[in-house]
Every structure is written in C-alpha cells, then in structure tokens.
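Text of input.txt (compact mmCIF, C-alpha atoms and all ligand atoms) as supplied:
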# COMPACT_ATOMS: atom_id res chain seq x y z
CA MET A 315 -14.52 103.87 156.59
CA ASN A 316 -11.25 103.08 158.29
CA LYS A 317 -8.25 105.09 157.38
CA HIS A 318 -5.10 103.08 157.19
CA ILE A 319 -1.80 104.86 157.31
CA ALA A 320 1.75 103.96 156.39
CA VAL A 321 4.82 105.85 157.49
CA TYR A 322 7.73 105.20 155.14
CA ILE A 323 10.82 105.83 157.23
CA SER A 324 14.52 105.66 156.56
CA ASN A 325 17.39 104.44 158.67
CA LYS A 326 18.10 108.03 159.65
CA ASP A 327 14.82 108.18 161.55
CA HIS A 328 14.84 106.81 165.07
CA LYS A 329 12.18 104.16 164.70
CA GLN A 330 11.98 103.10 168.32
CA ASP A 331 11.59 106.72 169.52
CA PHE A 332 8.95 107.33 166.88
CA ILE A 333 6.98 104.26 167.98
CA GLU A 334 7.24 105.34 171.61
CA ARG A 335 5.90 108.79 170.71
CA ILE A 336 2.95 107.15 168.97
CA GLN A 337 2.30 104.88 171.93
CA ARG A 338 2.34 107.86 174.28
CA GLY A 339 -0.21 109.68 172.09
CA ILE A 340 2.17 112.51 171.08
CA VAL A 341 1.73 111.76 167.41
CA LEU A 342 -0.93 109.76 165.50
CA SER A 343 -2.88 109.54 168.75
CA ASP A 344 -5.46 107.10 167.33
CA PHE A 345 -2.71 104.51 167.65
CA SER A 346 -1.69 105.25 171.24
CA LYS A 347 -1.56 102.66 174.01
CA PRO A 348 -3.74 100.78 174.98
CA LYS A 349 -5.92 101.34 171.87
CA ALA A 350 -3.34 99.94 169.50
CA ALA A 351 -1.33 96.73 169.78
CA LEU A 352 2.22 96.69 168.50
CA PHE A 353 3.17 94.01 165.98
CA SER A 354 6.93 94.36 165.92
CA GLU A 355 10.22 92.65 166.65
CA ILE A 356 10.39 95.11 169.56
CA THR A 357 7.39 93.34 171.14
CA ILE A 358 8.89 89.91 170.43
CA ASN A 359 12.16 90.86 172.13
CA LYS A 360 10.27 92.15 175.18
CA LEU A 361 8.24 88.93 175.36
CA ILE A 362 11.41 86.84 175.17
CA GLN A 363 12.89 88.86 178.06
CA GLU A 364 9.72 88.24 180.10
CA GLU A 365 9.86 84.56 179.22
CA ARG A 366 13.43 84.41 180.57
CA ILE A 367 12.35 86.03 183.83
CA HIS A 368 9.05 84.22 184.42
CA GLY A 369 9.71 81.00 182.52
CA VAL A 370 6.46 81.25 180.51
CA SER A 371 4.71 83.48 178.04
CA ASN A 372 1.05 83.64 177.12
CA VAL A 373 1.93 83.76 173.42
CA VAL A 374 1.44 80.28 172.01
CA THR A 375 3.68 79.18 169.14
CA PRO A 376 2.63 76.69 166.45
CA THR A 377 5.16 74.09 167.67
CA GLY A 378 4.52 74.58 171.39
CA ASN A 379 8.16 75.72 171.78
CA SER A 380 8.96 78.75 173.91
CA LEU A 381 9.38 81.95 171.89
CA GLU A 382 13.11 81.83 172.51
CA LYS A 383 13.40 78.37 170.98
CA SER A 384 11.12 79.20 168.05
CA SER A 385 12.28 80.26 164.63
CA GLN A 386 11.94 83.94 163.67
CA GLY A 387 8.93 83.26 161.46
CA GLU A 388 7.19 81.14 164.10
CA ARG A 389 7.58 83.99 166.59
CA LYS A 390 6.00 86.51 164.24
CA LYS A 391 3.05 84.28 163.37
CA ALA A 392 2.46 83.55 167.06
CA LEU A 393 2.54 87.25 167.96
CA LEU A 394 0.02 88.21 165.26
CA ASN A 395 -2.39 85.45 166.37
CA HIS A 396 -2.01 86.62 169.96
CA ILE A 397 -2.72 90.25 169.01
CA ILE A 398 -5.82 89.28 167.03
CA SER A 399 -7.16 87.24 169.96
CA GLN A 400 -7.00 90.43 172.11
CA ASN A 401 -9.36 92.31 169.72
CA PRO A 402 -7.45 95.60 169.60
CA GLU A 403 -9.03 98.75 168.08
CA ALA A 404 -5.90 99.32 166.04
CA ILE A 405 -2.58 97.73 165.25
CA ILE A 406 0.81 99.29 164.62
CA VAL A 407 2.51 96.98 162.13
CA ASP A 408 6.28 97.42 162.06
CA ASN A 409 8.55 95.76 159.44
CA VAL A 410 5.70 93.46 158.50
CA PHE A 411 7.58 91.06 156.23
CA GLY A 412 10.99 90.98 157.93
CA ASN A 413 12.13 87.36 158.43
CA LEU A 414 9.00 85.92 156.84
CA ASP A 415 9.04 83.42 153.99
CA ILE A 416 7.00 84.01 150.83
CA GLU A 417 4.08 81.88 151.99
CA ALA A 418 3.99 83.50 155.42
CA GLN A 419 4.14 86.92 153.74
CA SER A 420 1.07 86.16 151.68
CA GLN A 421 -0.76 84.67 154.69
CA ILE A 422 -0.02 87.75 156.76
CA THR A 423 -1.06 90.04 153.88
CA GLN A 424 -4.37 88.18 153.69
CA THR A 425 -4.91 88.30 157.46
CA LEU A 426 -4.18 92.03 157.56
CA ASN A 427 -6.43 92.61 154.54
CA GLU A 428 -9.30 90.94 156.37
CA LEU A 429 -8.55 92.77 159.60
CA SER A 430 -8.45 96.11 157.80
CA ASP A 431 -12.27 96.03 157.52
CA ARG A 432 -12.62 96.33 161.29
CA VAL A 433 -9.26 97.40 162.71
CA ARG A 434 -7.23 100.49 161.87
CA ILE A 435 -3.75 99.74 160.70
CA LEU A 436 -0.67 101.95 160.99
CA GLN A 437 2.18 100.46 159.01
CA ILE A 438 5.78 101.48 159.64
CA THR A 439 8.13 100.44 156.87
CA LYS A 440 11.55 101.12 155.43
CA ARG A 441 10.81 99.36 152.17
CA GLN A 442 8.45 100.94 149.61
CA ASP A 443 7.66 97.58 148.07
CA ASP A 444 6.25 96.37 151.39
CA ILE A 445 3.50 99.02 151.66
CA LEU A 446 0.23 97.10 152.05
CA SER A 447 -2.34 97.48 149.30
CA PHE A 448 -5.18 98.76 151.53
CA ILE A 449 -3.14 101.67 152.93
CA ASP A 450 -4.99 104.95 152.23
CA GLN A 451 -2.27 107.43 152.96
CA VAL A 452 1.52 107.33 153.13
CA TYR A 453 3.67 109.75 155.11
CA HIS A 454 7.34 110.14 155.68
CA LEU A 455 9.19 111.83 158.52
CA GLU A 456 10.99 115.13 158.37
CA GLY A 457 12.47 115.51 161.82
CA ASN A 458 9.48 114.86 164.05
CA GLU A 459 6.97 115.99 161.45
CA LEU A 460 4.83 113.77 159.27
CA ILE A 461 4.78 114.88 155.64
CA GLU A 462 2.66 113.32 152.93
CA PHE A 463 4.83 111.01 150.85
CA LYS A 464 4.49 110.88 147.10
CA LYS A 465 6.40 108.27 145.21
CA GLU A 466 8.90 110.18 143.17
CA GLU A 467 10.80 109.09 140.17
CA ASP A 468 14.02 107.52 141.32
CA THR A 469 16.28 110.45 140.65
CA GLU A 470 19.24 109.07 142.54
CA ILE A 471 22.19 108.53 140.29
CA LYS A 472 22.89 104.83 140.38
CA LYS A 473 26.63 105.18 140.19
CA GLU A 474 28.99 102.57 141.57
CA ALA A 475 29.42 103.42 145.26
CA PHE A 476 32.62 101.52 146.03
CA VAL A 477 35.34 102.40 143.56
CA VAL A 478 38.47 101.49 145.54
CA GLU A 479 39.68 97.94 144.86
CA LEU A 480 39.42 95.56 147.83
CA PRO A 481 42.64 94.70 149.68
CA LYS A 482 44.39 91.50 148.72
CA ALA A 483 44.08 88.44 150.94
CA TYR A 484 45.68 88.97 154.35
CA ARG A 485 46.67 85.30 154.46
CA PRO A 486 46.15 83.40 151.22
CA ILE A 487 43.20 81.03 151.39
CA SER A 488 44.76 77.60 151.24
CA GLU A 489 44.20 75.69 147.99
CA ARG A 490 43.68 72.60 150.08
CA ILE A 491 40.61 73.94 151.85
CA ASN A 492 38.08 72.79 149.34
CA PRO A 493 35.24 72.17 149.91
CA ILE A 494 34.99 74.69 152.69
CA VAL A 495 31.90 73.13 154.22
CA LYS A 496 30.69 69.59 153.65
CA PHE A 497 27.59 68.01 155.17
CA THR A 498 27.11 64.29 154.57
CA ASN A 499 23.77 62.71 155.54
CA VAL A 500 23.21 65.22 158.34
CA SER A 501 19.92 64.74 160.19
CA VAL A 502 18.72 66.70 163.23
CA ASP A 503 15.73 66.42 165.50
CA TYR A 504 14.61 68.41 168.49
CA ARG A 505 12.74 66.45 171.14
CA GLU A 506 12.10 63.72 168.56
CA ARG A 507 10.66 66.23 166.09
CA PRO A 508 12.65 65.77 162.87
CA ILE A 509 13.99 69.07 161.53
CA LEU A 510 16.64 68.12 158.94
CA ASN A 511 16.67 64.88 156.98
CA ASN A 512 19.84 63.63 155.30
CA ILE A 513 21.39 66.90 154.26
CA ASN A 514 24.17 66.49 151.70
CA TRP A 515 25.69 69.78 150.73
CA GLU A 516 29.05 71.28 150.00
CA ILE A 517 30.20 74.87 149.71
CA ARG A 518 33.33 75.29 147.62
CA LYS A 519 35.90 78.05 147.58
CA GLY A 520 34.64 81.35 146.17
CA GLN A 521 31.06 80.18 145.59
CA PHE A 522 28.15 82.51 146.33
CA TRP A 523 25.21 80.58 147.84
CA GLN A 524 21.78 81.57 149.04
CA LEU A 525 20.25 79.25 151.65
CA MET A 526 16.47 79.37 151.31
CA GLY A 527 13.57 77.62 152.92
CA PRO A 528 10.29 78.50 154.60
CA ASN A 529 10.10 79.57 158.23
CA GLY A 530 11.04 76.76 160.59
CA SER A 531 12.64 74.64 157.84
CA GLY A 532 16.01 74.57 159.63
CA LYS A 533 18.14 77.35 158.07
CA SER A 534 19.32 78.69 161.43
CA THR A 535 19.90 75.13 162.62
CA ILE A 536 22.27 74.58 159.66
CA LEU A 537 24.04 77.88 160.36
CA SER A 538 24.45 77.05 164.04
CA MET A 539 26.14 73.79 163.09
CA ILE A 540 28.63 75.68 160.94
CA PHE A 541 29.21 78.81 162.97
CA GLY A 542 27.91 78.11 166.45
CA ASP A 543 28.36 75.34 168.93
CA ASN A 544 25.05 73.56 168.41
CA PRO A 545 25.46 70.23 170.26
CA LYS A 546 23.40 68.63 167.49
CA ALA A 547 26.50 68.88 165.28
CA PHE A 548 28.36 66.29 167.33
CA GLY A 549 28.47 62.81 165.95
CA GLN A 550 27.46 64.13 162.52
CA ASP A 551 29.53 63.99 159.36
CA ILE A 552 30.28 67.70 159.03
CA VAL A 553 33.64 68.79 157.65
CA LEU A 554 34.54 72.47 158.09
CA PHE A 555 37.67 73.80 156.40
CA GLY A 556 38.99 70.29 155.88
CA VAL A 557 38.58 69.27 159.53
CA LYS A 558 35.83 66.99 160.79
CA LYS A 559 33.65 68.85 163.27
CA GLY A 560 34.10 67.58 166.80
CA SER A 561 37.61 66.25 166.17
CA GLY A 562 39.36 68.66 168.49
CA GLU A 563 39.15 72.08 166.85
CA SER A 564 37.68 74.81 169.04
CA VAL A 565 34.72 77.01 168.16
CA TRP A 566 37.22 79.88 168.28
CA GLU A 567 39.40 78.23 165.59
CA ILE A 568 36.36 77.81 163.35
CA LYS A 569 35.21 81.38 163.93
CA GLN A 570 38.66 82.62 162.88
CA LYS A 571 37.87 81.33 159.39
CA ILE A 572 34.38 82.77 159.16
CA GLY A 573 33.21 86.33 158.71
CA TYR A 574 29.70 86.72 160.07
CA PHE A 575 27.10 89.41 159.76
CA SER A 576 23.50 89.31 160.88
CA SER A 577 21.06 92.22 161.05
CA ASP A 578 20.52 91.20 164.69
CA MET A 579 24.06 92.41 165.43
CA LEU A 580 22.89 95.98 164.87
CA HIS A 581 20.87 95.87 168.08
CA GLY A 582 23.66 94.56 170.27
CA PHE A 583 26.03 97.52 170.55
CA THR A 584 25.87 99.82 173.52
CA ARG A 585 29.48 100.79 174.18
CA LEU A 586 31.06 103.56 172.23
CA ASP A 587 33.75 102.60 169.76
CA SER A 588 35.13 104.40 166.78
CA ILE A 589 34.38 103.26 163.23
CA GLY A 590 38.10 102.53 162.73
CA ASN A 591 38.36 100.36 165.87
CA MET A 592 35.26 98.50 164.85
CA VAL A 593 36.81 97.49 161.53
CA VAL A 594 40.21 96.50 162.94
CA SER A 595 38.60 94.50 165.77
CA GLY A 596 37.55 92.01 163.08
CA PHE A 597 41.04 90.52 163.29
CA PHE A 598 40.43 89.50 166.89
CA ASP A 599 36.76 88.48 166.78
CA THR A 600 35.96 90.91 169.55
CA ILE A 601 33.57 93.83 169.52
CA GLY A 602 35.76 96.81 170.25
CA LEU A 603 39.52 96.78 170.41
CA TYR A 604 41.31 95.09 173.29
CA LYS A 605 44.54 94.03 171.59
CA THR A 606 47.11 96.09 169.74
CA PRO A 607 46.86 95.45 166.02
CA THR A 608 49.99 94.98 163.92
CA ASN A 609 50.96 97.55 161.29
CA GLU A 610 49.79 95.17 158.57
CA GLN A 611 46.40 94.79 160.24
CA ILE A 612 46.05 98.56 160.58
CA LYS A 613 46.92 99.00 156.91
CA ILE A 614 44.30 96.49 155.80
CA ALA A 615 41.63 98.03 158.04
CA GLN A 616 42.45 101.48 156.62
CA HIS A 617 42.18 100.10 153.11
CA TRP A 618 38.68 98.80 153.92
CA LEU A 619 37.76 102.21 155.38
CA ARG A 620 38.81 103.77 152.08
CA VAL A 621 36.66 101.25 150.18
CA LEU A 622 33.71 102.38 152.30
CA ASP A 623 34.70 106.03 151.85
CA MET A 624 34.82 106.34 155.64
CA PHE A 625 38.54 106.88 156.16
CA ASP A 626 38.06 110.57 156.98
CA ILE A 627 35.40 109.80 159.58
CA ARG A 628 37.19 106.78 161.10
CA LYS A 629 37.44 108.43 164.52
CA GLN A 630 33.69 109.05 164.76
CA ASP A 631 31.54 106.87 166.98
CA PHE A 632 30.26 103.79 165.25
CA LEU A 633 26.87 104.30 166.91
CA SER A 634 26.51 107.73 165.30
CA LEU A 635 26.15 106.06 161.89
CA SER A 636 22.79 105.04 160.44
CA LYS A 637 21.94 101.33 160.61
CA GLY A 638 22.76 101.02 156.91
CA TYR A 639 26.27 102.44 157.31
CA GLN A 640 26.75 100.40 160.49
CA SER A 641 26.03 97.30 158.39
CA LEU A 642 28.71 98.28 155.86
CA VAL A 643 31.25 98.75 158.67
CA LEU A 644 30.34 95.36 160.13
CA ILE A 645 30.79 93.71 156.72
CA ALA A 646 34.26 95.25 156.48
CA ARG A 647 34.90 94.04 160.04
CA ALA A 648 33.86 90.53 159.01
CA MET A 649 36.08 90.69 155.91
CA VAL A 650 39.37 92.22 157.18
CA LYS A 651 40.85 88.83 158.00
CA HIS A 652 39.83 87.69 154.51
CA PRO A 653 37.99 84.61 155.71
CA PRO A 654 37.35 81.61 153.43
CA LEU A 655 33.64 81.95 154.30
CA LEU A 656 31.39 84.97 154.83
CA ILE A 657 27.98 84.25 156.36
CA LEU A 658 25.23 86.82 155.88
CA ASP A 659 22.24 85.96 158.03
CA GLU A 660 19.11 87.89 157.01
CA PRO A 661 21.44 90.83 156.34
CA THR A 662 18.95 93.29 154.88
CA ASN A 663 16.25 92.93 157.52
CA GLY A 664 15.55 96.39 158.88
CA LEU A 665 17.55 98.31 156.26
CA ASP A 666 15.90 100.98 154.14
CA ASP A 667 15.76 101.03 150.34
CA THR A 668 18.81 103.26 149.89
CA ASP A 669 20.95 101.26 152.30
CA VAL A 670 19.99 97.98 150.64
CA ARG A 671 21.27 99.33 147.32
CA LEU A 672 24.65 100.13 148.91
CA PHE A 673 24.79 96.84 150.75
CA THR A 674 24.07 94.89 147.57
CA GLN A 675 26.88 96.67 145.74
CA LEU A 676 29.37 95.85 148.50
CA ILE A 677 28.43 92.15 148.57
CA ASN A 678 28.65 91.89 144.77
CA LYS A 679 32.09 93.49 144.95
CA ILE A 680 33.24 90.96 147.57
CA ALA A 681 31.85 88.13 145.43
CA SER A 682 33.70 89.28 142.33
CA GLU A 683 37.00 90.51 143.82
CA THR A 684 37.79 87.94 146.53
CA GLU A 685 38.04 84.18 146.93
CA THR A 686 35.76 84.23 149.94
CA ALA A 687 32.74 81.96 149.63
CA ILE A 688 29.49 83.71 150.58
CA LEU A 689 26.58 82.05 152.32
CA TYR A 690 23.60 84.36 152.22
CA VAL A 691 20.54 83.34 154.22
CA SER A 692 17.37 85.18 153.41
CA HIS A 693 13.81 84.82 152.22
CA ARG A 694 14.14 87.96 150.27
CA LYS A 695 15.36 87.98 146.72
CA GLU A 696 17.10 91.33 146.71
CA ALA A 697 17.10 92.90 143.27
CA GLY A 698 20.67 93.09 142.03
CA LEU A 699 22.07 90.49 144.43
CA ASN A 700 22.66 87.38 142.41
CA PRO A 701 23.96 84.29 144.17
CA ASP A 702 25.39 81.64 141.82
CA LEU A 703 23.64 78.79 143.59
CA VAL A 704 20.63 78.26 145.83
CA TYR A 705 20.29 75.52 148.47
CA GLN A 706 16.59 75.06 149.08
CA LEU A 707 15.16 73.40 152.20
CA THR A 708 11.71 71.86 151.80
CA PRO A 709 9.93 70.73 154.98
CA HIS A 710 8.52 67.21 155.30
CA GLU A 711 7.13 65.24 158.23
CA THR A 712 10.41 63.37 158.37
CA GLY A 713 12.44 66.62 158.41
CA SER A 714 13.45 69.10 155.72
CA ILE A 715 15.22 67.82 152.67
CA GLY A 716 17.70 69.95 150.76
CA GLN A 717 18.11 70.50 147.03
CA VAL A 718 20.54 72.48 144.95
CA MET A 719 18.76 74.83 142.55
CA ASP A 720 20.49 76.68 139.77
N1 LIG A 801 16.68 74.54 170.81
C1 LIG A 801 15.56 74.13 170.21
N2 LIG A 801 14.69 73.31 170.84
C2 LIG A 801 13.55 72.86 170.25
N3 LIG A 801 13.18 73.20 168.97
C3 LIG A 801 14.01 74.03 168.30
C4 LIG A 801 15.23 74.54 168.87
N4 LIG A 801 15.83 75.32 167.95
C5 LIG A 801 15.03 75.31 166.85
N5 LIG A 801 13.94 74.54 167.06
C6 LIG A 801 12.86 74.25 166.09
O1 LIG A 801 13.48 73.75 164.91
C7 LIG A 801 12.78 74.21 163.75
C8 LIG A 801 13.79 74.86 162.78
O2 LIG A 801 14.20 76.09 163.33
P1 LIG A 801 15.20 77.09 162.57
O3 LIG A 801 15.32 78.29 163.45
O4 LIG A 801 16.41 76.35 162.19
O5 LIG A 801 14.34 77.43 161.26
P2 LIG A 801 14.58 78.59 160.15
O6 LIG A 801 14.48 77.93 158.83
O7 LIG A 801 15.82 79.32 160.48
O8 LIG A 801 13.30 79.48 160.39
P3 LIG A 801 13.05 81.09 160.24
O9 LIG A 801 13.14 81.44 158.80
O10 LIG A 801 11.63 81.26 160.73
O11 LIG A 801 14.02 81.80 161.13
C9 LIG A 801 11.70 75.17 164.25
O12 LIG A 801 10.45 74.53 164.25
C10 LIG A 801 12.13 75.53 165.65
O13 LIG A 801 11.01 75.77 166.48

Once more with this new file: its structure as structure tokens, please.
Ligand SMILES: Nc1ncnc2c1ncn2[C@@H]1O[C@H](COP(=O)(O)OP(=O)(O)OP(=O)(O)O)[C@@H](O)[C@H]1O
Amino acid sequence: MNKHIAVYISNKDHKQDFIERIQRGIVLSDFSKPKAALFSEITINKLIQEERIHGVSNVVTPTGNSLEKSSQGERKKALLNHIISQNPEAIIVDNVFGNLDIEAQSQITQTLNELSDRVRILQITKRQDDILSFIDQVYHLEGNELIEFKKEEDTEIKKEAFVVELPKAYRPISERINPIVKFTNVSVDYRERPILNNINWEIRKGQFWQLMGPNGSGKSTILSMIFGDNPKAFGQDIVLFGVKKGSGESVWEIKQKIGYFSSDMLHGFTRLDSIGNMVVSGFFDTIGLYKTPTNEQIKIAQHWLRVLDMFDIRKQDFLSLSKGYQSLVLIARAMVKHPPLLILDEPTNGLDDTDVRLFTQLINKIASETETAILYVSHRKEAGLNPDLVYQLTPHETGSIGQVMD
C-alpha cells in the first residue's frame, strides 16, 4: 500500500529550501531526485527560462502555444500531463490548486486520485482545505523537523486586525471619472483563435468586482488591456478613466491611476529595501525609492504603516517579512496614491491560511472605507471576501462571452 504524505506549511517556512532538501534526499528521501518529479510553479518557471534560451520546450500545451504564451492553468495542465508521460515513481505536488479553475481542480483531483494507486504522492500545501482526500499522513514543519499535524480547533481569536482608520484620499477621485473602465464590443483573437467575443462591461466608482472564468477564458487578456500595453487593445472601444484607450495617454499615465497587486510580484524582489520605503515608493510606481517624497506623501505612507501595525518595524528589510506580510505591504504600496482602481490578480495564490484571513480583512476595509473600485481576479471564492458583483467569462468557439452575475 502506498503511503501518501502531505506537509502543511506556513509562509514562515522556506518552501523552496524545503523542496530542495527533499530533492537532495536530506529529508523524505523516498521523494528525492530522480525518483520523484516536481509538479510546481517552480518547475514551470524553470521550463519557461529554458524555453527563452532554447526557443522550445518538450512540454506540450493544449493550445500548441509556448509555455510563456499560455495561460497559468494551461501551463499547469501541460506540466502534469508531461510528468505522467515520464512514469515517475513518485510526485511532489506543490500548491496543487493554485491558479486552477473549479473544473481543472476537479480534473486534477481525479487524475491524482487515479495515480495514487501506483505512484507515491507528497503534497506540499499552505491551505488545509486543499489537502487531497487520499493523503494518509499530514505533517507540519517545526524548523527543519517534520512533526505530525493534527487539525486543532481554531483557537485563534478572530479579532479585527486593522483598527486604525484608512487615510483620506490623497487627491480626491474626480466625480467625473465614472465609469472608471468601459469596454464596448471588445473582441480579441490570437493568431485567428478567438479569445474574447463582444465584451461589454463597465466598472463604476467604488464598486467591488470579481472577474471569474475558467483557465484560458481571457481574464489576463482583459487585465492586460486595462493595465498593460497589450497591442490588442488598440482600435478597440475601451475607455479608461474617461479617456479612450489609444488616444494619446501613456501607459504611465494609466498606471498612475491604478493600484496593482499580483501574487507573482512576491517572487520578483531581490534588492533590499525597507518596509517604509516600499510603501512610499507606491507614489512613484517604482520598486524601491529613487525620488524624494514630499512631507504629505511621507505622512500618508506612515499612516498606512500604522494601519498595518508595522510603523515600529518600518526600517526593517521588506524581504525579512513572511510572504503574507509582504502582500499586506504591497497592498498599502498600491493604495498610498489612493487610486480610482485597485487590481488584485490572483492575490491569495501561495498565501497560507492565517495570511489569507489578514489579507481578506484588509481588502474588506479598503472596500468599505475608500472610493477605490476593486477588481479582484481569482478562481477562488475566499471565505469572508465578498465582492458586490461578478463578471463571468464563459468560453465558446467564437471566443468567451461575458455576463454580469449578482
Ligand atoms: N501572446 C499570446 N499569443 C497567443 N496566444 C495567447 C497569448 N496570450 C494569451 N494567449 C491565449 O489566450 C487565451 C486566454 O489567455 P488568458 O491568459 O487571458 O486566460 P486566463 O483566463 O487568464 O487563464 P488562466 O486562469 O489560466 O490564467 C489562452 O488560450 C492563451 O493561451
């Protein structure tokens, strides 16, 4: 009988180091290299790097696109199929459901269930709800040691974490900017493959939206037309902050009005910066501080640090914080300029249960105390996070159509 193991880790544990120790046979040696394959975003990122260097990858995606041009979900499905085709003795499964839509989650659960008859599975997860049903034993980490994990009653006091009121708007959000985003009959295709079909959607001041849709339905494509410089936006009827896209405004001008946070940002920082500098740098849309902030900007940033209860540790290195606390700092960084729109792109991917609770409280506070509209993109319905409106993309052969759900 196979013994399947889960290790329930928190953001305080160094996941990548832990996985490396497993692969080197230092711990859980049945899952060392080359016996066990690694199903993880770490592997996907490595494959994308290789693809950039060599131009090709032997991992085939369902659309035939390169991994880099594939959606997050397509990449994960392709990697799992590739791993299965290699017949490994064991698989390390890291953050199994991250970025996957509900249907893909149930497909992957079924595939792993079937595999579990012949392949040993080691699951690494930060979310208790994600522990797969066939897992025989669950551990958690204490330092480098594995300790048997028993689900305890949730003894944590669920008190409100952020008691300080949020700072008032730095510059009032103009009454005239409404709607903030308006798409009229927007259609997109890539190499003649239709992705979006006649999208009509508007985001109004202060609204809290969730953008949903299965993997590959075009969520990131929509975001890149709002926030990025996707060339597909040109010639389309997209109005951002009252200005038609492509009519002369620069990407920089648009970004000034948008606060953006994606869980991917947590992997991008290498240089050392203090927590305080990180927050105040949000006024300049730079990572780190290159300009001298005004006294007003410093005051607002300090106010946000007090909201996060991090004022006293503002001089500490940002990178010394856990991923969960780093996310909170980056939300404050996105919010200091009090933008009309805050985009949260898969924000809880990779966070642990405790951090998600804090994160949810901060977003709810922003939704109730500011006039900033929130666009939250995720497959996950986080308990306690309640968007007012959902925009649902449903794929069709002629491209995804969009619908407003209440
Ligand atoms: N530059 C590109 N060239 C070709 N195809 C692309 C490109 N960018 C995206 N696509 C394709 O467009 C489709 C929509 O991708 P998009 O990333 O917008 O989906 P998504 O809803 O965000 O998916 P996920 O939830 O998996 O991240 C996918 O099939 C993807 O492969």

Can you report as lines of an AutoDock Vina configuration file the centre and edge lengths in Å, to one decimal, of an axis-aligned box around the listed atoms of ligand LIG 801 (chain A) padded with 8 Å on each side?
center_x = 13.6
center_y = 77.3
center_z = 164.8
size_x = 22.2
size_y = 24.9
size_z = 28.0

Extract, using only C-alpha atoms, all DNA, RNA and protein residues at most 10 Å from range 630-640 of chain A, discarding same-chain residues fewer than 6 positions from it, and format them as a PyMOL selection string.
chain A and resi 324-328+577+579-581+583-593+622+624+646+662+664-673

Atom O12 of ligand LIG 801 (chain A) and CA of Leu707 in chain A are how many Å apart?
13.0 Å

Give the residue list for ligand LIG 801 (chain A) at 10 Å, counting only C-alpha atoms and all ligand atoms, as a PyMOL selection string, sorted by chain and then by residue number.
chain A and resi 375-391+412-415+418+502-510+525-538+544-546+659-660+691-693+707-709+713-714

Provide the CA of Ile356 in chain A to CA of Asp408 in chain A distance in Å, to one decimal place.
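Separation between CA of Ile356 in chain A and CA of Asp408 in chain A: 8.9 Å.
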
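Take the candidates A:Asn458, A:Ser371, A:Ser420, A:Asn499 and check each one against Ile552 in chain A using all atoms listed in the file; the shortest distance goes to A:Asn499.
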
Provide the CA of Gly716 in chain A to CA of Ile513 in chain A distance in Å, to one decimal place.
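So the two atoms, CA of Gly716 in chain A and CA of Ile513 in chain A, lie 5.9 Å apart.
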
Near range 330-346 of chain A, within 8 Å and counting only C-alpha atoms, which residues show up once chain neighbours fewer than 6 positions away are dropped, as a list in words?
Ala404, Ile405, Ile406 and Leu436 of chain A

Write out as an NGL selection string the residues lying within 12 Å of Thr608 in chain A, counting only C-alpha atoms and excluding same-chain residues fewer than 3 positions away.
:A and (594-595 or 597-598 or 605 or 611-615)

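Using all atoms listed in the file, the nearest neighbour of Lys329 in chain A within the list A:Ser576, A:Asn409, A:Thr606, A:Gln400 is A:Asn409.
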
May I have the residues within 10 Å of Ile494 in chain A as number ranges by chain, using only C-alpha atoms and disregarding those fewer than 5 positions away in the same chain?
A: 516-521, 553-557, 571, 654-655, 686-687

Generate a file of the selected residues that holds C-alpha atoms, formatted as a CSV table (one decimal), in the frame of the given file.
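And here's out.csv as it stands now:
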chain,number,residue,atom,x,y,z
A,516,GLU,CA,29.0,71.3,150.0
A,517,ILE,CA,30.2,74.9,149.7
A,518,ARG,CA,33.3,75.3,147.6
A,519,LYS,CA,35.9,78.0,147.6
A,520,GLY,CA,34.6,81.4,146.2
A,521,GLN,CA,31.1,80.2,145.6
A,553,VAL,CA,33.6,68.8,157.6
A,554,LEU,CA,34.5,72.5,158.1
A,555,PHE,CA,37.7,73.8,156.4
A,556,GLY,CA,39.0,70.3,155.9
A,557,VAL,CA,38.6,69.3,159.5
A,571,LYS,CA,37.9,81.3,159.4
A,654,PRO,CA,37.4,81.6,153.4
A,655,LEU,CA,33.6,82.0,154.3
A,686,THR,CA,35.8,84.2,149.9
A,687,ALA,CA,32.7,82.0,149.6

For Tyr690 in chain A, which of A:Gln675, A:Ser564, A:Thr712, A:Gln524 is the closest residue, counting all atoms listed in the file?
A:Gln524

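If only C-alpha atoms are the atoms counted, then among A:Gly549, A:Gly562, A:Pro661, A:Pro653 the closest residue to Gly596 in chain A is A:Pro653.
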
Need the shell around Asp450 in chain A: protein/DNA/RNA residues with any atom at most 10 Å away, counting only C-alpha atoms. Skip same-chain ones fewer than 3 positions apart. Format as a list of chain:residue names?
A:Asn316, A:Lys317, A:His318, A:Ile319, A:Ala320, A:Leu446, A:Ser447

Pick out the closest residue to Asn678 in chain A from this set: A:Ile715, A:Leu480, A:Arg694, A:Val495. Count all atoms listed in the file.
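Using all atoms listed in the file, the shortest distance to Asn678 in chain A belongs to A:Leu480.
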